[in-house]
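Containing PDB, C-alpha atoms, pLDDT in the B column: structure.pdb.
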```
ATOM      1  CA  MET A   1     -15.589 -48.694 -17.227  1.00 49.00           C
ATOM      2  CA  ILE A   2     -12.634 -46.747 -18.532  1.00 51.00           C
ATOM      3  CA  PHE A   3     -12.612 -43.070 -17.712  1.00 50.00           C
ATOM      4  CA  PRO A   4     -10.735 -40.663 -19.928  1.00 53.00           C
ATOM      5  CA  ASN A   5      -7.560 -39.313 -18.438  1.00 55.00           C
ATOM      6  CA  LYS A   6      -7.980 -35.928 -16.842  1.00 53.00           C
ATOM      7  CA  GLU A   7      -5.992 -33.290 -18.649  1.00 53.00           C
ATOM      8  CA  PRO A   8      -2.889 -32.384 -16.666  1.00 54.00           C
ATOM      9  CA  MET A   9      -2.804 -28.914 -15.178  1.00 51.00           C
ATOM     10  CA  PRO A  10      -0.587 -26.627 -17.233  1.00 60.00           C
ATOM     11  CA  ALA A  11       2.738 -26.103 -15.496  1.00 80.00           C
ATOM     12  CA  ILE A  12       2.132 -22.373 -15.375  1.00 89.00           C
ATOM     13  CA  GLU A  13      -1.019 -22.607 -13.231  1.00 91.00           C
ATOM     14  CA  PRO A  14       0.654 -23.559  -9.914  1.00 93.00           C
ATOM     15  CA  GLU A  15       3.258 -20.860 -10.448  1.00 94.00           C
ATOM     16  CA  LEU A  16       0.621 -18.205 -11.129  1.00 95.00           C
ATOM     17  CA  GLN A  17      -1.329 -19.269  -8.044  1.00 95.00           C
ATOM     18  CA  ALA A  18       1.813 -19.092  -5.925  1.00 96.00           C
ATOM     19  CA  LEU A  19       2.586 -15.672  -7.405  1.00 96.00           C
ATOM     20  CA  LYS A  20      -0.878 -14.408  -6.490  1.00 96.00           C
ATOM     21  CA  GLU A  21      -0.603 -15.772  -2.940  1.00 97.00           C
ATOM     22  CA  ASN A  22       2.805 -14.146  -2.453  1.00 97.00           C
ATOM     23  CA  LEU A  23       1.400 -10.848  -3.698  1.00 97.00           C
ATOM     24  CA  LEU A  24      -1.496 -11.126  -1.237  1.00 97.00           C
ATOM     25  CA  ASP A  25       1.061 -11.777   1.508  1.00 97.00           C
ATOM     26  CA  MET A  26       2.867  -8.577   0.540  1.00 97.00           C
ATOM     27  CA  PHE A  27      -0.409  -6.652   0.743  1.00 97.00           C
ATOM     28  CA  SER A  28      -0.851  -7.977   4.284  1.00 97.00           C
ATOM     29  CA  MET A  29       2.720  -7.150   5.258  1.00 97.00           C
ATOM     30  CA  VAL A  30       2.433  -3.536   4.094  1.00 98.00           C
ATOM     31  CA  ARG A  31      -0.965  -3.115   5.722  1.00 97.00           C
ATOM     32  CA  GLU A  32       0.423  -4.415   9.009  1.00 97.00           C
ATOM     33  CA  GLN A  33       3.217  -1.832   8.840  1.00 97.00           C
ATOM     34  CA  LEU A  34       0.640   0.947   8.618  1.00 98.00           C
ATOM     35  CA  GLU A  35      -1.433  -0.607  11.396  1.00 98.00           C
ATOM     36  CA  LYS A  36       1.634  -0.678  13.643  1.00 97.00           C
ATOM     37  CA  CYS A  37       2.195   3.007  12.964  1.00 97.00           C
ATOM     38  CA  VAL A  38      -1.356   3.683  14.142  1.00 97.00           C
ATOM     39  CA  VAL A  39      -0.754   1.715  17.344  1.00 97.00           C
ATOM     40  CA  ALA A  40       2.629   3.379  17.906  1.00 96.00           C
ATOM     41  CA  ILE A  41       0.989   6.811  17.706  1.00 96.00           C
ATOM     42  CA  HIS A  42      -2.000   5.868  19.867  1.00 95.00           C
ATOM     43  CA  GLU A  43       0.232   4.346  22.538  1.00 95.00           C
ATOM     44  CA  LYS A  44       3.102   6.836  22.063  1.00 94.00           C
ATOM     45  CA  ASN A  45       5.327   3.769  21.807  1.00 93.00           C
ATOM     46  CA  ALA A  46       8.695   4.126  20.087  1.00 92.00           C
ATOM     47  CA  GLY A  47       9.291   0.375  20.454  1.00 93.00           C
ATOM     48  CA  ILE A  48       6.446  -0.459  18.085  1.00 95.00           C
ATOM     49  CA  ALA A  49       7.823   2.075  15.631  1.00 95.00           C
ATOM     50  CA  LYS A  50      11.148   0.279  15.836  1.00 95.00           C
ATOM     51  CA  ASP A  51       9.383  -2.961  14.849  1.00 95.00           C
ATOM     52  CA  VAL A  52       8.191  -1.217  11.676  1.00 96.00           C
ATOM     53  CA  LEU A  53      11.773  -0.318  10.813  1.00 96.00           C
ATOM     54  CA  THR A  54      12.915  -3.898  11.398  1.00 94.00           C
ATOM     55  CA  ASN A  55      10.091  -5.419   9.336  1.00 94.00           C
ATOM     56  CA  GLU A  56      10.859  -3.163   6.368  1.00 94.00           C
ATOM     57  CA  LYS A  57      13.711  -5.483   5.378  1.00 93.00           C
ATOM     58  CA  GLN A  58      11.299  -8.405   5.018  1.00 96.00           C
ATOM     59  CA  ILE A  59       9.086  -6.406   2.675  1.00 96.00           C
ATOM     60  CA  ASN A  60      12.074  -5.608   0.484  1.00 95.00           C
ATOM     61  CA  ILE A  61      12.979  -9.305   0.401  1.00 96.00           C
ATOM     62  CA  GLN A  62       9.399 -10.170  -0.567  1.00 97.00           C
ATOM     63  CA  GLU A  63       9.425  -7.644  -3.396  1.00 97.00           C
ATOM     64  CA  ILE A  64      12.665  -9.047  -4.821  1.00 97.00           C
ATOM     65  CA  ALA A  65      11.384 -12.635  -4.569  1.00 97.00           C
ATOM     66  CA  ILE A  66       8.125 -11.788  -6.367  1.00 97.00           C
ATOM     67  CA  ASP A  67       9.949  -9.899  -9.099  1.00 97.00           C
ATOM     68  CA  ARG A  68      12.229 -12.889  -9.619  1.00 97.00           C
ATOM     69  CA  ASP A  69       9.208 -15.207  -9.858  1.00 96.00           C
ATOM     70  CA  CYS A  70       7.648 -12.911 -12.475  1.00 96.00           C
ATOM     71  CA  GLU A  71      10.833 -12.977 -14.515  1.00 95.00           C
ATOM     72  CA  ASN A  72      10.969 -16.785 -14.343  1.00 95.00           C
ATOM     73  CA  ILE A  73       7.355 -17.140 -15.472  1.00 95.00           C
ATOM     74  CA  LEU A  74       7.931 -14.793 -18.395  1.00 94.00           C
ATOM     75  CA  ALA A  75      11.107 -16.600 -19.418  1.00 93.00           C
ATOM     76  CA  LEU A  76       9.905 -20.183 -19.015  1.00 91.00           C
ATOM     77  CA  HIS A  77       6.222 -20.093 -19.962  1.00 91.00           C
ATOM     78  CA  THR A  78       5.669 -17.087 -22.272  1.00 89.00           C
ATOM     79  CA  PRO A  79       2.225 -16.357 -20.762  1.00 90.00           C
ATOM     80  CA  VAL A  80      -0.506 -14.687 -22.810  1.00 91.00           C
ATOM     81  CA  ALA A  81      -3.840 -12.920 -22.202  1.00 92.00           C
ATOM     82  CA  THR A  82      -4.990 -13.010 -18.543  1.00 90.00           C
ATOM     83  CA  ASP A  83      -1.857 -14.815 -17.356  1.00 94.00           C
ATOM     84  CA  LEU A  84       0.416 -12.225 -18.928  1.00 95.00           C
ATOM     85  CA  ARG A  85      -1.636  -9.382 -17.474  1.00 94.00           C
ATOM     86  CA  LEU A  86      -1.319 -10.906 -13.997  1.00 95.00           C
ATOM     87  CA  VAL A  87       2.467 -11.046 -14.265  1.00 96.00           C
ATOM     88  CA  LEU A  88       2.780  -7.516 -15.659  1.00 95.00           C
ATOM     89  CA  ALA A  89       0.358  -6.094 -13.077  1.00 95.00           C
ATOM     90  CA  THR A  90       2.222  -7.866 -10.264  1.00 96.00           C
ATOM     91  CA  LEU A  91       5.530  -6.276 -11.281  1.00 96.00           C
ATOM     92  CA  LYS A  92       3.977  -2.820 -11.017  1.00 96.00           C
ATOM     93  CA  ILE A  93       1.974  -3.521  -7.869  1.00 97.00           C
ATOM     94  CA  THR A  94       4.969  -4.773  -5.874  1.00 97.00           C
ATOM     95  CA  ASN A  95       6.850  -1.592  -6.681  1.00 96.00           C
ATOM     96  CA  ASP A  96       3.929   0.554  -5.492  1.00 97.00           C
ATOM     97  CA  LEU A  97       3.523  -1.529  -2.329  1.00 97.00           C
ATOM     98  CA  GLU A  98       7.207  -1.132  -1.514  1.00 97.00           C
ATOM     99  CA  ARG A  99       6.892   2.638  -1.850  1.00 97.00           C
ATOM    100  CA  ILE A 100       3.861   2.658   0.463  1.00 98.00           C
ATOM    101  CA  ALA A 101       5.918   0.653   2.962  1.00 97.00           C
ATOM    102  CA  ASP A 102       8.628   3.325   2.659  1.00 97.00           C
ATOM    103  CA  SER A 103       6.080   5.910   3.829  1.00 97.00           C
ATOM    104  CA  ALA A 104       5.366   3.785   6.899  1.00 97.00           C
ATOM    105  CA  LYS A 105       9.111   3.465   7.508  1.00 97.00           C
ATOM    106  CA  SER A 106       9.627   7.237   7.284  1.00 97.00           C
ATOM    107  CA  LEU A 107       6.822   7.852   9.767  1.00 97.00           C
ATOM    108  CA  ALA A 108       8.183   5.147  12.089  1.00 97.00           C
ATOM    109  CA  LYS A 109      11.588   6.841  12.058  1.00 96.00           C
ATOM    110  CA  VAL A 110       9.979  10.033  13.339  1.00 95.00           C
ATOM    111  CA  ILE A 111       7.965   8.220  16.030  1.00 95.00           C
ATOM    112  CA  ASN A 112      11.076   6.266  17.068  1.00 93.00           C
ATOM    113  CA  LYS A 113      12.719   9.511  18.202  1.00 88.00           C
ATOM    114  CA  ASP A 114      10.717   9.542  21.456  1.00 81.00           C
ATOM    115  CA  LEU A 115       8.480  12.470  20.560  1.00 89.00           C
ATOM    116  CA  SER A 116       7.106  14.715  23.275  1.00 91.00           C
ATOM    117  CA  LYS A 117       3.399  14.866  24.176  1.00 92.00           C
ATOM    118  CA  LYS A 118       3.236  18.168  22.328  1.00 94.00           C
ATOM    119  CA  GLU A 119       4.620  16.603  19.169  1.00 95.00           C
ATOM    120  CA  PHE A 120       2.172  13.692  19.371  1.00 95.00           C
ATOM    121  CA  LYS A 121      -0.571  16.313  19.710  1.00 96.00           C
ATOM    122  CA  TRP A 122       0.595  17.845  16.432  1.00 97.00           C
ATOM    123  CA  ILE A 123       0.363  14.436  14.778  1.00 97.00           C
ATOM    124  CA  GLU A 124      -3.239  14.356  15.976  1.00 96.00           C
ATOM    125  CA  ASP A 125      -3.844  17.899  14.718  1.00 97.00           C
ATOM    126  CA  LEU A 126      -2.558  16.942  11.258  1.00 98.00           C
ATOM    127  CA  GLU A 127      -4.925  13.929  11.277  1.00 97.00           C
ATOM    128  CA  ILE A 128      -2.176  11.501  10.369  1.00 98.00           C
ATOM    129  CA  ILE A 129      -3.985   8.587  12.038  1.00 97.00           C
ATOM    130  CA  PRO A 130      -7.152   9.055   9.922  1.00 97.00           C
ATOM    131  CA  MET A 131      -4.915   9.194   6.843  1.00 98.00           C
ATOM    132  CA  LEU A 132      -3.242   5.930   7.845  1.00 98.00           C
ATOM    133  CA  GLU A 133      -6.619   4.307   8.480  1.00 97.00           C
ATOM    134  CA  ILE A 134      -7.892   5.281   5.035  1.00 97.00           C
ATOM    135  CA  ILE A 135      -4.865   3.718   3.333  1.00 97.00           C
ATOM    136  CA  ILE A 136      -5.298   0.557   5.428  1.00 97.00           C
ATOM    137  CA  VAL A 137      -8.903   0.261   4.215  1.00 96.00           C
ATOM    138  CA  MET A 138      -7.809   0.904   0.627  1.00 95.00           C
ATOM    139  CA  LEU A 139      -5.178  -1.845   0.794  1.00 96.00           C
ATOM    140  CA  ARG A 140      -7.693  -4.249   2.315  1.00 95.00           C
ATOM    141  CA  GLU A 141     -10.066  -3.549  -0.589  1.00 93.00           C
ATOM    142  CA  MET A 142      -7.233  -4.197  -3.037  1.00 93.00           C
ATOM    143  CA  GLY A 143      -6.488  -7.541  -1.412  1.00 93.00           C
ATOM    144  CA  THR A 144     -10.160  -8.509  -1.628  1.00 93.00           C
ATOM    145  CA  ALA A 145     -10.315  -7.505  -5.294  1.00 93.00           C
ATOM    146  CA  LEU A 146      -7.244  -9.570  -6.128  1.00 93.00           C
ATOM    147  CA  LYS A 147      -8.310 -12.601  -4.075  1.00 92.00           C
ATOM    148  CA  LYS A 148     -11.857 -12.724  -5.459  1.00 92.00           C
ATOM    149  CA  THR A 149     -10.947 -11.556  -8.981  1.00 92.00           C
ATOM    150  CA  ASP A 150     -13.542  -8.806  -8.573  1.00 91.00           C
ATOM    151  CA  THR A 151     -13.037  -5.224  -9.736  1.00 91.00           C
ATOM    152  CA  LYS A 152     -15.762  -3.700  -7.530  1.00 91.00           C
ATOM    153  CA  PRO A 153     -13.591  -3.403  -4.382  1.00 89.00           C
ATOM    154  CA  ALA A 154     -10.768  -1.989  -6.499  1.00 87.00           C
ATOM    155  CA  LEU A 155     -12.967   0.748  -7.914  1.00 85.00           C
ATOM    156  CA  LYS A 156     -14.100   1.816  -4.422  1.00 84.00           C
ATOM    157  CA  VAL A 157     -10.686   3.288  -3.668  1.00 84.00           C
ATOM    158  CA  VAL A 158     -11.256   6.375  -5.817  1.00 80.00           C
ATOM    159  CA  LYS A 159     -13.564   7.960  -3.240  1.00 83.00           C
ATOM    160  CA  LYS A 160     -11.222   6.940  -0.442  1.00 90.00           C
ATOM    161  CA  ASP A 161      -8.362   8.658  -2.235  1.00 91.00           C
ATOM    162  CA  GLU A 162     -10.444  11.828  -2.452  1.00 93.00           C
ATOM    163  CA  GLU A 163     -10.949  11.676   1.337  1.00 94.00           C
ATOM    164  CA  LEU A 164      -7.191  11.391   1.733  1.00 95.00           C
ATOM    165  CA  ASN A 165      -6.609  14.410  -0.509  1.00 95.00           C
ATOM    166  CA  ASP A 166      -9.076  16.449   1.553  1.00 97.00           C
ATOM    167  CA  LEU A 167      -7.284  15.536   4.787  1.00 97.00           C
ATOM    168  CA  PHE A 168      -3.948  16.600   3.316  1.00 97.00           C
ATOM    169  CA  LYS A 169      -5.373  19.962   2.250  1.00 97.00           C
ATOM    170  CA  LYS A 170      -6.545  20.476   5.827  1.00 97.00           C
ATOM    171  CA  ALA A 171      -3.076  19.457   7.062  1.00 98.00           C
ATOM    172  CA  LEU A 172      -1.510  22.216   4.964  1.00 97.00           C
ATOM    173  CA  LYS A 173      -3.630  24.869   6.658  1.00 97.00           C
ATOM    174  CA  THR A 174      -3.090  23.326  10.091  1.00 98.00           C
ATOM    175  CA  THR A 175       0.679  23.336   9.523  1.00 98.00           C
ATOM    176  CA  ALA A 176       0.655  27.032   8.686  1.00 98.00           C
ATOM    177  CA  ASP A 177      -1.215  27.747  11.920  1.00 98.00           C
ATOM    178  CA  LEU A 178       1.096  25.541  13.990  1.00 97.00           C
ATOM    179  CA  VAL A 179       4.255  27.108  12.582  1.00 97.00           C
ATOM    180  CA  ALA A 180       2.864  30.589  13.195  1.00 97.00           C
ATOM    181  CA  GLY A 181       2.144  29.688  16.804  1.00 96.00           C
ATOM    182  CA  ASN A 182       5.327  27.671  17.386  1.00 96.00           C
ATOM    183  CA  PRO A 183       8.056  29.155  15.174  1.00 97.00           C
ATOM    184  CA  GLU A 184      10.814  27.592  17.298  1.00 97.00           C
ATOM    185  CA  ASP A 185       9.404  24.140  16.448  1.00 96.00           C
ATOM    186  CA  ALA A 186       8.962  24.760  12.734  1.00 97.00           C
ATOM    187  CA  LYS A 187      11.376  21.966  11.758  1.00 96.00           C
ATOM    188  CA  ILE A 188       9.503  19.123  13.462  1.00 96.00           C
ATOM    189  CA  ILE A 189       6.130  20.519  12.370  1.00 97.00           C
ATOM    190  CA  LEU A 190       7.261  20.608   8.750  1.00 97.00           C
ATOM    191  CA  THR A 191       8.681  17.096   9.131  1.00 97.00           C
ATOM    192  CA  LEU A 192       5.249  15.918  10.232  1.00 97.00           C
ATOM    193  CA  LEU A 193       3.702  17.667   7.246  1.00 98.00           C
ATOM    194  CA  LEU A 194       6.110  15.738   5.032  1.00 97.00           C
ATOM    195  CA  MET A 195       4.834  12.518   6.641  1.00 97.00           C
ATOM    196  CA  ALA A 196       1.278  13.566   5.776  1.00 98.00           C
ATOM    197  CA  ARG A 197       2.417  14.293   2.229  1.00 98.00           C
ATOM    198  CA  ASN A 198       3.939  10.811   1.998  1.00 97.00           C
ATOM    199  CA  LEU A 199       0.616   9.309   3.062  1.00 97.00           C
ATOM    200  CA  GLU A 200      -1.283  11.381   0.522  1.00 97.00           C
ATOM    201  CA  ARG A 201       1.101  10.050  -2.105  1.00 97.00           C
ATOM    202  CA  SER A 202       0.530   6.520  -0.799  1.00 97.00           C
ATOM    203  CA  GLY A 203      -3.140   7.019  -1.586  1.00 95.00           C
ATOM    204  CA  ASP A 204      -2.193   7.804  -5.178  1.00 95.00           C
ATOM    205  CA  LEU A 205      -0.055   4.667  -5.295  1.00 96.00           C
ATOM    206  CA  THR A 206      -2.935   2.595  -3.963  1.00 95.00           C
ATOM    207  CA  LYS A 207      -5.168   4.033  -6.661  1.00 93.00           C
ATOM    208  CA  ASN A 208      -2.513   2.984  -9.194  1.00 93.00           C
ATOM    209  CA  ILE A 209      -2.740  -0.531  -7.768  1.00 94.00           C
ATOM    210  CA  ALA A 210      -6.512  -0.474  -8.243  1.00 93.00           C
ATOM    211  CA  GLU A 211      -6.020   0.451 -11.888  1.00 92.00           C
ATOM    212  CA  GLU A 212      -3.582  -2.438 -12.358  1.00 93.00           C
ATOM    213  CA  ILE A 213      -6.027  -4.899 -10.798  1.00 93.00           C
ATOM    214  CA  VAL A 214      -8.834  -3.729 -13.087  1.00 92.00           C
ATOM    215  CA  PHE A 215      -6.464  -4.088 -16.039  1.00 90.00           C
ATOM    216  CA  GLN A 216      -5.456  -7.579 -14.953  1.00 91.00           C
ATOM    217  CA  ILE A 217      -9.029  -8.800 -14.458  1.00 91.00           C
ATOM    218  CA  GLU A 218     -10.880  -7.063 -17.287  1.00 90.00           C
ATOM    219  CA  ALA A 219      -8.158  -6.008 -19.723  1.00 84.00           C
ATOM    220  CA  ARG A 220      -9.588  -2.525 -19.253  1.00 81.00           C
ATOM    221  CA  VAL A 221      -7.538   0.627 -18.766  1.00 76.00           C
ATOM    222  CA  VAL A 222      -9.050   3.064 -16.256  1.00 71.00           C
ATOM    223  CA  LYS A 223      -6.098   5.441 -15.854  1.00 66.00           C
ATOM    224  CA  HIS A 224      -7.053   9.129 -15.995  1.00 49.00           C
ATOM    225  CA  LYS A 225     -10.748   8.223 -16.071  1.00 53.00           C
ATOM    226  CA  GLY A 226     -11.521   8.832 -12.429  1.00 48.00           C
ATOM    227  CA  GLY A 227     -12.372   5.168 -11.909  1.00 43.00           C
ATOM    228  CA  LYS A 228     -15.398   5.340 -14.220  1.00 47.00           C
TER     229      LYS A 228
END
```
Structure translated into structure tokens:
Amino acid sequence: MIFPNKEPMPAIEPELQALKENLLDMFSMVREQLEKCVVAIHEKNAGIAKDVLTNEKQINIQEIAIDRDCENILALHTPVATDLRLVLATLKITNDLERIADSAKSLAKVINKDLSKKEFKWIEDLEIIPMLEIIIVMLREMGTALKKTDTKPALKVVKKDEELNDLFKKALKTTADLVAGNPEDAKIILTLLLMARNLERSGDLTKNIAEEIVFQIEARVVKHKGGK
């Protein structure tokens, strides 16, 4: 019996799969940076913070490599429909992930300065660890959405982002109280507030990523719609 020849896989498919896997790797790399910041704060360990600073270079390399792959796919294959949306979404997502990693780097720089117990207490007062943990969960949901081609995990991040915004509002009030009680330490307290602000912004970036994933999967734009 003669079986018909199986149609060869289009040349673009392996490249798109590799692109998706590299993007998932970048999600993991950024999430690990945030997780290390949590551990560095819990353990008051400047050495772990230094690891975050070292690993930042690898994230930058990953971003450049993914961007180059996107450019090659666009130039060589002229993708359309879902394939094109994946490439375009990836270009935006890598940029947002790199900026989230920058927030982790900025926080690691502060922790790497061998903070005093009092200063670590202020980090606790500003609830920076809960903010980090929320972003970690958000990034994990994004990875699941991308891996399973499912928008449901992506749409969950809207509520998480609201939690992050609420924590930052509390941090503003806490900062005012801390500065009033410790005017001689206003500089470091305000620096810690800036770290909280960076994390709040990282939540916005993660929400942007969710919107890109929904666009890639469903060709649906959810920007400025509150995730509805």
Would you write out, as a PyMOL selection string, every residue that the PyMOL selection byres ((chain A and resi 98) around 8) captures in this file? chain A and resi 30+59-60+63+94-97+99-102
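What the PyMOL selection byres ((chain A and resi 178) around 12) matches in the given file is Lys118, Glu119, Lys121, Trp122, Ile123, Asp125, Leu126, Ala171, Leu172, Lys173, Thr174, Thr175, Ala176, Asp177, Val179, Ala180, Gly181, Asn182, Pro183, Glu184, Asp185, Ala186, Lys187, Ile188, Ile189, Leu190, Leu192 and Leu193 of chain A.
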Can you spell out as JSON, numbers by chain the set of residues that the PyMOL selection byres ((chain A and resi 45-57) around 12) selects in the structure I just provided? {"A": [26, 29, 30, 31, 32, 33, 34, 35, 36, 37, 38, 39, 40, 41, 42, 43, 44, 58, 59, 60, 61, 62, 63, 64, 97, 98, 99, 100, 101, 102, 103, 104, 105, 106, 107, 108, 109, 110, 111, 112, 113, 114, 115, 116, 117, 120]}
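The space separating atom CA of Asp69 of chain A from atom CA of Leu19 of chain A comes to 7.1 Å.
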Shortest interatomic distance to Val222 of chain A - which of A:Ala11, A:Ala154, A:Leu139, A:Leu164, counting all atoms listed in the file: A:Ala154
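Separating atom CA of Pro153 of chain A from atom CA of Ala81 of chain A is a distance of 22.4 Å.
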